[in-house]
Amino acid sequence: MRIVELILDEETEYNGVDAISIVENPAIQSNFVALKDQTIRLAEVSKEKRLLLGAILIPNKPILRNGEEEDYYIYFSKDTIEKASQMYLKEGNQKNTSLEHQYALKGLTLVESWIVQDDVHDKSRLYENTKNVPVGTWMGSIRVDSDEVWKDYVKEGVVQGFSIEGYFADKSERPKEAIPESMEDDLMLKAIRDIIKTDEKA
């Protein structure tokens with residue numbers, strides 16, 4: 001199966017991440033942490049703040065895409081993720097959010113954004129769902145001021161993570177030796193899971 005790296009195309013204005021969607025099944029398979037009373041308490045987060053903290057993009061994480069002719073995997077490098085995170089803020093897209101990539105939402109704002117720089121000393125290590133994300137991961141916290149979204153989607157557990165919306169260019173398919181070893185492992189596990197799911201349905 002093809003593996004395609006997505007990059008920023010600096011020659012076009014349609015470039016980078018336009019919005020962050022809250023979804024039930026994030027493609028990067030990393031759930032966010034809902035920061036609220038009774039769940040997670042931080043000294044710097046007061047009880048009245050309603051925050052969703054999670055991974056927005058994980059470097060070299062294979063993401064299955066359904067193509068017209070064949071399915072394939074995409075991934076983002078650390079460098080592309082860092083540039084995309086900076087561009088998202090530079091373009092003032094902090095309030096651009098949606099539900100399941102279908103419905104634009106109001107009352108949600110990206111209030112924290114950072115790139116994981118250290119395997120041990122990083123805020124992401126404080127939470128069970130993000131303590132193992134690799135260096136280079138784009139992390140973020142979204143404040144939910146919408147009572148409806150908080151009550152009907154977050155507290156009810158309908159949404160579990162973040163997913164991006166944006167425009168990226170395809171880079172030439174990477175030769176096998178250039179694919180990170182960890183990514184090959186992820187692809188192998190993904191293929192095995194797909195085979196098991198197919199067998200269970202049969």
# chains A, B, ... in the order shown; residues from 1 in each chain; ligands from 1
$ residues_around --residues "Arg143 of chain A" --least-positions-apart "5" --cutoff "9 Å" --atoms "only C-alpha atoms" --output "list of chain:residue names"
A:Lys49, A:Arg50, A:Leu51, A:Leu52, A:Leu53, A:Gly107, A:Leu108, A:Thr109, A:Leu110, A:Val111, A:Glu112
$ write_last_selection --atoms "C-alpha atoms" --output "mmCIF file, in the first residue's frame"
data_model
loop_
_atom_site.group_PDB
_atom_site.id
_atom_site.type_symbol
_atom_site.label_atom_id
_atom_site.label_comp_id
_atom_site.auth_asym_id
_atom_site.auth_seq_id
_atom_site.Cartn_x
_atom_site.Cartn_y
_atom_site.Cartn_z
ATOM 1 C CA LYS A 49 -12.638 26.323 32.994
ATOM 2 C CA ARG A 50 -13.820 23.769 30.472
ATOM 3 C CA LEU A 51 -10.885 22.558 28.407
ATOM 4 C CA LEU A 52 -10.228 19.696 26.022
ATOM 5 C CA LEU A 53 -6.552 18.793 25.901
ATOM 6 C CA GLY A 107 -17.905 28.969 21.358
ATOM 7 C CA LEU A 108 -14.765 26.827 21.023
ATOM 8 C CA THR A 109 -11.291 28.382 21.008
ATOM 9 C CA LEU A 110 -7.783 26.964 20.863
ATOM 10 C CA VAL A 111 -6.220 28.556 23.948
ATOM 11 C CA GLU A 112 -2.989 26.535 24.187
#
$ residues_around --residues "Glu82 of chain A" --least-positions-apart "3" --cutoff "10 Å" --atoms "only C-alpha atoms" --output "number ranges by chain"
A: 57, 59, 76-79, 85-87, 114-116, 136-138
$ write_last_selection --atoms "N, CA and C atoms" --output "PDB file, in the first residue's frame"
ATOM      1  N   LEU A  57      -1.786  16.684  15.984  1.00  0.00           N
ATOM      2  CA  LEU A  57      -1.083  15.931  14.934  1.00  0.00           C
ATOM      3  C   LEU A  57       0.115  15.214  15.545  1.00  0.00           C
ATOM      4  N   PRO A  59       3.656  13.126  14.655  1.00  0.00           N
ATOM      5  CA  PRO A  59       4.596  12.906  13.546  1.00  0.00           C
ATOM      6  C   PRO A  59       4.739  11.430  13.194  1.00  0.00           C
ATOM      7  N   PHE A  76       2.621  12.926   8.431  1.00  0.00           N
ATOM      8  CA  PHE A  76       3.208  14.253   8.513  1.00  0.00           C
ATOM      9  C   PHE A  76       4.541  14.165   9.247  1.00  0.00           C
ATOM     10  N   SER A  77       5.546  14.870   8.756  1.00  0.00           N
ATOM     11  CA  SER A  77       6.845  14.905   9.430  1.00  0.00           C
ATOM     12  C   SER A  77       6.799  15.893  10.590  1.00  0.00           C
ATOM     13  N   LYS A  78       7.795  15.822  11.462  1.00  0.00           N
ATOM     14  CA  LYS A  78       7.893  16.765  12.577  1.00  0.00           C
ATOM     15  C   LYS A  78       7.966  18.198  12.063  1.00  0.00           C
ATOM     16  N   ASP A  79       8.756  18.401  11.013  1.00  0.00           N
ATOM     17  CA  ASP A  79       8.950  19.748  10.475  1.00  0.00           C
ATOM     18  C   ASP A  79       7.641  20.327   9.945  1.00  0.00           C
ATOM     19  N   SER A  85       1.415  24.129  12.819  1.00  0.00           N
ATOM     20  CA  SER A  85       0.920  24.652  14.096  1.00  0.00           C
ATOM     21  C   SER A  85       1.142  26.153  14.194  1.00  0.00           C
ATOM     22  N   GLN A  86       2.278  26.618  13.694  1.00  0.00           N
ATOM     23  CA  GLN A  86       2.577  28.047  13.731  1.00  0.00           C
ATOM     24  C   GLN A  86       1.679  28.833  12.771  1.00  0.00           C
ATOM     25  N   MET A  87       1.461  28.267  11.591  1.00  0.00           N
ATOM     26  CA  MET A  87       0.618  28.932  10.601  1.00  0.00           C
ATOM     27  C   MET A  87      -0.824  29.042  11.076  1.00  0.00           C
ATOM     28  N   TRP A 114       1.230  23.789  21.599  1.00  0.00           N
ATOM     29  CA  TRP A 114       2.667  23.587  21.761  1.00  0.00           C
ATOM     30  C   TRP A 114       3.120  22.301  21.082  1.00  0.00           C
ATOM     31  N   ILE A 115       4.415  22.248  20.822  1.00  0.00           N
ATOM     32  CA  ILE A 115       5.039  21.064  20.243  1.00  0.00           C
ATOM     33  C   ILE A 115       5.789  20.332  21.353  1.00  0.00           C
ATOM     34  N   VAL A 116       5.545  19.035  21.501  1.00  0.00           N
ATOM     35  CA  VAL A 116       6.235  18.244  22.521  1.00  0.00           C
ATOM     36  C   VAL A 116       7.729  18.233  22.195  1.00  0.00           C
ATOM     37  N   GLY A 136       7.658  15.987  19.012  1.00  0.00           N
ATOM     38  CA  GLY A 136       7.236  16.511  17.711  1.00  0.00           C
ATOM     39  C   GLY A 136       5.729  16.573  17.553  1.00  0.00           C
ATOM     40  N   THR A 137       4.987  16.008  18.519  1.00  0.00           N
ATOM     41  CA  THR A 137       3.524  16.033  18.459  1.00  0.00           C
ATOM     42  C   THR A 137       3.009  17.451  18.706  1.00  0.00           C
ATOM     43  N   TRP A 138       2.013  17.847  17.935  1.00  0.00           N
ATOM     44  CA  TRP A 138       1.333  19.127  18.149  1.00  0.00           C
ATOM     45  C   TRP A 138       0.215  18.889  19.154  1.00  0.00           C
TER      46      TRP A 138
END
$ closest_residue --among "A:Gly166, A:Pro134, A:Gly161, A:Gly16" --to "Lys90 of chain A" --atoms "only C-alpha atoms"
A:Gly16
$ select_by_dssp --residues "segment 9-146 of chain A" --states "strand (DSSP E)" --output "compact mmCIF listing (two decimals) with N, CA, C and O atoms, in the first residue's frame"
# COMPACT_ATOMS: atom_id res chain seq x y z
N GLY A 16 -2.09 24.54 4.74
CA GLY A 16 -2.09 24.33 6.17
C GLY A 16 -3.43 23.97 6.76
O GLY A 16 -4.36 23.57 6.06
N VAL A 17 -3.54 24.10 8.08
CA VAL A 17 -4.73 23.70 8.82
C VAL A 17 -5.70 24.87 8.92
O VAL A 17 -5.34 25.95 9.38
N ASP A 18 -6.94 24.65 8.49
CA ASP A 18 -7.97 25.69 8.54
C ASP A 18 -8.80 25.62 9.81
O ASP A 18 -9.27 26.64 10.31
N ALA A 19 -9.01 24.41 10.31
CA ALA A 19 -9.88 24.24 11.47
C ALA A 19 -9.53 22.96 12.20
O ALA A 19 -8.87 22.07 11.66
N ILE A 20 -9.97 22.88 13.45
CA ILE A 20 -9.82 21.67 14.25
C ILE A 20 -11.21 21.16 14.56
O ILE A 20 -12.07 21.90 15.04
N SER A 21 -11.43 19.89 14.26
CA SER A 21 -12.74 19.29 14.48
C SER A 21 -12.70 18.39 15.70
O SER A 21 -11.69 17.70 15.94
N ILE A 22 -13.76 18.40 16.49
CA ILE A 22 -13.87 17.44 17.59
C ILE A 22 -14.67 16.25 17.06
O ILE A 22 -15.73 16.42 16.46
N VAL A 23 -14.12 15.06 17.23
CA VAL A 23 -14.68 13.88 16.58
C VAL A 23 -14.77 12.70 17.54
O VAL A 23 -14.10 12.66 18.57
N VAL A 33 -8.06 14.79 26.51
CA VAL A 33 -8.38 14.75 27.93
C VAL A 33 -9.35 15.88 28.22
O VAL A 33 -9.09 17.02 27.87
N ALA A 34 -10.49 15.56 28.79
CA ALA A 34 -11.46 16.60 29.14
C ALA A 34 -11.10 17.14 30.51
O ALA A 34 -11.15 16.42 31.49
N LEU A 35 -10.71 18.40 30.56
CA LEU A 35 -10.33 19.02 31.83
C LEU A 35 -11.57 19.64 32.46
O LEU A 35 -12.05 20.68 32.02
N LEU A 51 -11.92 22.72 29.42
CA LEU A 51 -10.89 22.56 28.41
C LEU A 51 -10.81 21.12 27.90
O LEU A 51 -10.98 20.18 28.67
N LEU A 52 -10.54 20.98 26.63
CA LEU A 52 -10.23 19.70 26.02
C LEU A 52 -8.76 19.74 25.65
O LEU A 52 -8.33 20.61 24.90
N LEU A 53 -7.98 18.82 26.17
CA LEU A 53 -6.55 18.79 25.90
C LEU A 53 -6.22 17.51 25.16
O LEU A 53 -6.62 16.42 25.58
N GLY A 54 -5.49 17.62 24.05
CA GLY A 54 -5.15 16.41 23.32
C GLY A 54 -4.17 16.65 22.20
O GLY A 54 -3.75 17.78 21.93
N ALA A 55 -3.80 15.55 21.54
CA ALA A 55 -2.89 15.62 20.40
C ALA A 55 -3.67 16.06 19.16
O ALA A 55 -4.76 15.55 18.88
N ILE A 56 -3.11 17.02 18.44
CA ILE A 56 -3.73 17.49 17.20
C ILE A 56 -3.11 16.79 16.00
O ILE A 56 -3.81 16.32 15.11
N LEU A 57 -1.79 16.68 15.98
CA LEU A 57 -1.08 15.93 14.93
C LEU A 57 0.11 15.21 15.55
O LEU A 57 0.85 15.81 16.34
N ILE A 63 -1.93 7.33 8.69
CA ILE A 63 -3.37 7.57 8.71
C ILE A 63 -3.95 7.02 7.41
O ILE A 63 -3.56 7.46 6.32
N LEU A 64 -4.85 6.08 7.51
CA LEU A 64 -5.43 5.45 6.33
C LEU A 64 -6.39 6.41 5.64
O LEU A 64 -7.26 7.00 6.28
N ARG A 65 -6.23 6.55 4.34
CA ARG A 65 -7.13 7.37 3.52
C ARG A 65 -7.76 6.48 2.46
O ARG A 65 -7.12 5.58 1.93
N TYR A 72 -4.66 4.27 0.72
CA TYR A 72 -3.25 4.57 0.94
C TYR A 72 -3.09 5.21 2.31
O TYR A 72 -4.07 5.57 2.97
N TYR A 73 -1.86 5.32 2.76
CA TYR A 73 -1.56 5.95 4.03
C TYR A 73 -0.92 7.31 3.81
O TYR A 73 -0.15 7.50 2.87
N ILE A 74 -1.23 8.25 4.70
CA ILE A 74 -0.56 9.54 4.71
C ILE A 74 0.12 9.72 6.06
O ILE A 74 -0.23 9.06 7.03
N TYR A 75 1.10 10.61 6.09
CA TYR A 75 1.72 10.96 7.37
C TYR A 75 2.33 12.34 7.27
O TYR A 75 2.53 12.88 6.17
N THR A 97 -13.57 25.82 14.48
CA THR A 97 -13.79 24.47 14.97
C THR A 97 -15.06 23.89 14.33
O THR A 97 -15.94 24.63 13.88
N SER A 98 -15.13 22.57 14.32
CA SER A 98 -16.31 21.91 13.78
C SER A 98 -16.58 20.62 14.53
O SER A 98 -15.75 20.16 15.33
N LEU A 99 -17.74 20.04 14.28
CA LEU A 99 -18.11 18.75 14.85
C LEU A 99 -18.11 17.72 13.74
O LEU A 99 -18.85 17.85 12.75
N TYR A 103 -20.23 20.11 10.89
CA TYR A 103 -20.99 21.25 11.40
C TYR A 103 -20.06 22.25 12.07
O TYR A 103 -19.34 21.91 13.01
N ALA A 104 -20.08 23.48 11.58
CA ALA A 104 -19.27 24.53 12.18
C ALA A 104 -19.77 24.80 13.60
O ALA A 104 -20.98 24.81 13.85
N LEU A 105 -18.84 25.00 14.53
CA LEU A 105 -19.19 25.24 15.92
C LEU A 105 -18.79 26.64 16.34
O LEU A 105 -17.79 27.17 15.87
N LEU A 108 -15.94 27.65 20.76
CA LEU A 108 -14.76 26.83 21.02
C LEU A 108 -13.53 27.58 20.53
O LEU A 108 -13.54 28.11 19.41
N THR A 109 -12.49 27.63 21.35
CA THR A 109 -11.29 28.38 21.01
C THR A 109 -10.04 27.62 21.42
O THR A 109 -9.96 27.13 22.55
N LEU A 110 -9.08 27.53 20.51
CA LEU A 110 -7.78 26.96 20.86
C LEU A 110 -7.05 27.97 21.74
O LEU A 110 -6.71 29.05 21.31
N VAL A 111 -6.83 27.62 23.01
CA VAL A 111 -6.22 28.56 23.95
C VAL A 111 -4.79 28.18 24.31
O VAL A 111 -4.06 28.98 24.89
N GLU A 112 -4.37 26.96 23.98
CA GLU A 112 -2.99 26.53 24.19
C GLU A 112 -2.55 25.72 22.98
O GLU A 112 -3.32 24.92 22.45
N SER A 113 -1.31 25.92 22.57
CA SER A 113 -0.76 25.18 21.45
C SER A 113 0.74 25.03 21.67
O SER A 113 1.43 26.02 21.92
N TRP A 114 1.23 23.79 21.60
CA TRP A 114 2.67 23.59 21.76
C TRP A 114 3.12 22.30 21.08
O TRP A 114 2.32 21.42 20.79
N ILE A 115 4.42 22.25 20.82
CA ILE A 115 5.04 21.06 20.24
C ILE A 115 5.79 20.33 21.35
O ILE A 115 6.57 20.95 22.08
N TRP A 138 2.01 17.85 17.94
CA TRP A 138 1.33 19.13 18.15
C TRP A 138 0.21 18.89 19.15
O TRP A 138 -0.73 18.15 18.89
N MET A 139 0.35 19.51 20.32
CA MET A 139 -0.65 19.40 21.37
C MET A 139 -1.46 20.69 21.45
O MET A 139 -0.97 21.76 21.10
N GLY A 140 -2.69 20.57 21.94
CA GLY A 140 -3.50 21.76 22.08
C GLY A 140 -4.56 21.62 23.14
O GLY A 140 -4.96 20.51 23.51
N SER A 141 -5.02 22.76 23.65
CA SER A 141 -6.15 22.82 24.57
C SER A 141 -7.21 23.72 23.96
O SER A 141 -6.91 24.84 23.56
N ILE A 142 -8.42 23.21 23.89
CA ILE A 142 -9.54 23.99 23.37
C ILE A 142 -10.51 24.28 24.50
O ILE A 142 -10.95 23.36 25.20
N ARG A 143 -10.81 25.55 24.68
CA ARG A 143 -11.79 25.95 25.69
C ARG A 143 -13.18 25.87 25.07
O ARG A 143 -13.41 26.36 23.97
N VAL A 144 -14.09 25.24 25.81
CA VAL A 144 -15.47 25.07 25.34
C VAL A 144 -16.38 26.03 26.11
O VAL A 144 -16.74 25.77 27.26
$ select_by_dssp --residues "segment 87-181 of chain A" --states "alpha helix (DSSP H)" --output "mmCIF file with C-alpha atoms, in the first residue's frame"
data_model
loop_
_atom_site.group_PDB
_atom_site.id
_atom_site.type_symbol
_atom_site.label_atom_id
_atom_site.label_comp_id
_atom_site.auth_asym_id
_atom_site.auth_seq_id
_atom_site.Cartn_x
_atom_site.Cartn_y
_atom_site.Cartn_z
ATOM 1 C CA MET A 87 0.618 28.932 10.601
ATOM 2 C CA TYR A 88 -2.664 28.009 12.295
ATOM 3 C CA LEU A 89 -2.064 30.675 14.933
ATOM 4 C CA LYS A 90 -0.487 33.153 12.549
ATOM 5 C CA ASP A 147 -22.956 25.019 27.049
ATOM 6 C CA GLU A 148 -24.624 22.876 24.403
ATOM 7 C CA VAL A 149 -21.366 21.391 23.108
ATOM 8 C CA GLU A 181 10.893 2.015 11.686
#
$ closest_residue --among "A:Ser146, A:Asn66, A:Asn60, A:Gln160" --to "Met1 of chain A" --atoms "only C-alpha atoms"
A:Asn66
$ atom_distance --atom1 "atom CA of Asp119 of chain A" --atom2 "atom CA of Lys131 of chain A"
8.9 Å
$ closest_residue --among "A:Asp122, A:Asp9, A:Glu100, A:Asp170" --to "Pro26 of chain A" --atoms "only C-alpha atoms"
A:Glu100
$ atom_distance --atom1 "atom CA of Arg125 of chain A" --atom2 "atom CA of Ile81 of chain A"
19.4 Å
